[in-house]
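Participant: Before anything else, here's the structure in question.
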Amino acid sequence: MRRKMAAGNWKMNGSSAALSVISDLAAAHADNTDTDIVICPPAPLLFRASEIARSSAVTIGAQDCHSETAGAFTGDIAAPMIADAGATHVIVGHSERRDAYRESNSDVRAKAKAAWEAGLVAILCIGESAEDREADNTLDIIAGQLSGSVPNGSTGDNLVVAYEPVWAIGTGAVATTAQIDEVHDFIRARLVQRFGEEVGNAIRLLYGGSVKPGNAAEIFQCDNVDGALVGGASLKAQDFTPIIKALIAS
Ligand code: PGA
């Protein structure tokens, strides 16, 4: 039985005023024990967010890390710094970074390994563009991203894979449950093929892309969906809470 996960990616949104979302979520889900709730705020908020979330049902993650542990990389954040700030997770390979910063599969793989070395769980994102899907290349793209960016040594404890079709991110266009099933079943089969039954079945798979209170329950019915990576709807506790409740109830 895989533990469920609801992860919120705030992207470059939120100030110290937004930290109340974390205490609100912690209060709303105080008796939750079987679902991981992870909030990934911008880096300047990591330390305070971790303090607020301490001993609650909410844990904190970063949105990216560098593959090196230290050095002359102006503006970047190393995985040990994220752990030092009290966070436990880090998103790697988000499509916005693959696109805007030209991160390759091997860059993402190196970041995931750096995350592990710092004791963090990597939430590794993959997903096809609209052009890939129109050209019927979705599963080839997913296969390439999985083999290129998921490191050897992955386990159910150190890796979570988030399938986020690029065309569904921030657009309001959600993949259909048939599309989600097809890709998630494919990812599961590939992970089992590569890592064996036990590990391949232990790695959690999140869906991301315009998950909202109104569509979450349907998405969570998909067999190989273990939770969601949520952008816009994670910025307010009143939007994220019904999504988390739908996940717990699924
Ligand atoms: P969205 O973003 O929920 O706003 O579509 C998801 C993501 O980018 O992780």
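Scheme for the structure tokens: letters A, B, ... for chains in order shown; per-chain residue numbers from 1; ligand numbers from 1 in order shown.
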Name the residues in contact with Thr241 in chain A at a cut-off of 9 Å, using only C-alpha atoms, excluding same-chain residues fewer than 5 positions from it; report them as an MDAnalysis selection string.

Facilitator: chainID A and resid 25 28:29 213 234 236 246

Participant: Which residues of chain A sit at most 6 Å from ligand 1, using only C-alpha atoms and all ligand atoms? Give each one's shortest atom pair and distance in Å (one decimal place), in chain and ascending residue order, as a tab-separated table.

Facilitator:
residue	atom	partner	partner_atom_place_in_ligand_line	distance
A:Asn9	CA	ligand 1	9 (O)	5.6
A:Ile169	CA	ligand 1	5 (O)	3.5
A:Gly170	CA	ligand 1	5 (O)	3.5
A:Gly208	CA	ligand 1	6 (C)	5.1
A:Gly209	CA	ligand 1	5 (O)	3.8
A:Ser210	CA	ligand 1	5 (O)	3.5
A:Val211	CA	ligand 1	3 (O)	5.2
A:Leu229	CA	ligand 1	9 (O)	5.2
A:Val230	CA	ligand 1	3 (O)	4.1
A:Gly231	CA	ligand 1	2 (O)	3.4
A:Gly232	CA	ligand 1	4 (O)	3.8

Participant: Would you kindly return, as a list in words, each protein, DNA or RNA residue with an atom no farther than 12 Å from any atom of Ala130 in chain A, considering only C-alpha atoms and excluding same-chain residues fewer than 6 positions away?

Facilitator: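 The residues satisfying every condition are Asp136, Asn137, Thr138, Ile141, Glu164, Pro165, Val166, Trp167, Ala168, Ile169, Thr171, Ala173 and Ala175 of chain A.
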
Participant: Which neighbours of Arg2 in chain A fall inside 9 Å, counting only C-alpha atoms, when residues of the same chain fewer than 5 positions from it are skipped, and could you give them as a list in words?

Facilitator: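 Counting only the stated atoms, we get Gly156, Asn201, Ala202, Ile203, Arg204 and Asp226 of chain A.
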
Participant: For Thr177 in chain A, list every protein, DNA or RNA residue within 8 Å, evaluated using only C-alpha atoms, and leave out those in the same chain fewer than 4 positions away; present the list as a list in words.

Facilitator: Asp181, Glu218, Ile219 and Cys222 of chain A

Participant: Given only C-alpha atoms as the basis, pick out the residue of A:Asp36, A:Glu51, A:Asp223, A:Glu96 nearest to Ile126 in chain A.

Facilitator: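 Under the stated criterion, the closest residue is A:Glu96.
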
Participant: Can you tell me which residues surround Ala17 in chain A at a distance of at most 12 Å, considering only C-alpha atoms, apart from same-chain residues fewer than 2 positions away, and format the answer as an MDAnalysis selection string?

Facilitator: chainID A and resid 13:15 19:23 41 45 48:49 235:236

Participant: Expressed in Å to a single decimal, how great is the separation between CA of Leu206 in chain A and CA of Val160 in chain A?

Facilitator: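 CA of Val160 in chain A lies 7.4 Å from CA of Leu206 in chain A.
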
Participant: Hey, what does DSSP flag as strand (DSSP E or B) within range 12-193 of chain A? Can you give it to me as an NGL selection string?

Facilitator: :A and (35-40 or 58-62 or 66 or 78 or 89-92 or 121-126 or 159-163)

Participant: Between A:Ser104, A:Gln63, A:Ser50, A:Ser16, which has the minimum distance to Ala85 in chain A (counting only C-alpha atoms)?

Facilitator: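 That would be A:Ser50, the residue with the smallest distance to Ala85 in chain A.
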
Participant: Which is closest to Ala228 in chain A among A:Gly196, A:Thr155, A:Ile180, A:Ile187, if we use only C-alpha atoms?

Facilitator: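 Ranked by minimum distance to Ala228 in chain A, first place goes to A:Ile180.
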
Participant: List every residue of range 26-180 of chain A that DSSP, applied to the backbone of this structure, assigns to helix (DSSP H, G or I), and report them as a ChimeraX atom specification.

Facilitator: /A:26-28,43-53,79-84,95-100,105-117,130-134,138-149,166-168,177-180

Participant: Tell me, in Å to one decimal, how far CA of Val199 in chain A is from CA of Val174 in chain A.

Facilitator: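 CA of Val174 in chain A lies at a distance of 29.0 Å from CA of Val199 in chain A.
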
Participant: Rank nothing, just name the residue among A:Lys245, A:His89, A:Lys113, A:Arg194 nearest to Leu46 in chain A, using only C-alpha atoms.

Facilitator: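 Looking only at the distances to Leu46 in chain A, the closest residue turns out to be A:His89.
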
Participant: What is the CA of Val183 in chain A-CA of Ala114 in chain A distance in Å, reported with one decimal?

Facilitator: 27.0 Å

Participant: Name the residues in contact with Glu103 in chain A at a cut-off of 12 Å, using only C-alpha atoms, excluding same-chain residues fewer than 2 positions from it; report them as a PyMOL selection string.

Facilitator: chain A and resi 64-67+92-101+105-111+125-126+145+148-149

Participant: Could you dump the residues just selected with C-alpha atoms as a compact mmCIF listing (two decimals), in the first residue's frame?

Facilitator:
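So the final result, stored in result_1.txt, reads:
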# COMPACT_ATOMS: atom_id res chain seq x y z
CA ASP A 64 14.74 23.06 -7.24
CA CYS A 65 18.32 22.37 -6.15
CA HIS A 66 21.76 22.52 -7.71
CA SER A 67 23.60 19.27 -8.39
CA VAL A 92 13.46 18.45 -9.58
CA GLY A 93 12.90 18.66 -13.33
CA HIS A 94 9.74 20.75 -13.27
CA SER A 95 8.78 21.52 -16.87
CA GLU A 96 9.15 25.24 -16.24
CA ARG A 97 12.81 24.62 -15.40
CA ARG A 98 13.33 22.10 -18.18
CA ASP A 99 11.94 24.73 -20.54
CA ALA A 100 13.11 28.14 -19.24
CA TYR A 101 16.51 26.95 -17.97
CA ASN A 105 17.39 14.75 -18.36
CA SER A 106 20.96 14.31 -17.15
CA ASP A 107 20.82 17.64 -15.26
CA VAL A 108 17.64 16.43 -13.56
CA ARG A 109 19.19 13.07 -12.72
CA ALA A 110 22.19 14.80 -11.11
CA LYS A 111 19.86 17.01 -9.08
CA CYS A 125 8.66 15.78 -12.80
CA ILE A 126 8.13 14.45 -16.29
CA GLN A 145 12.47 11.17 -19.48
CA GLY A 148 17.25 9.74 -18.69
CA SER A 149 16.31 11.51 -15.50
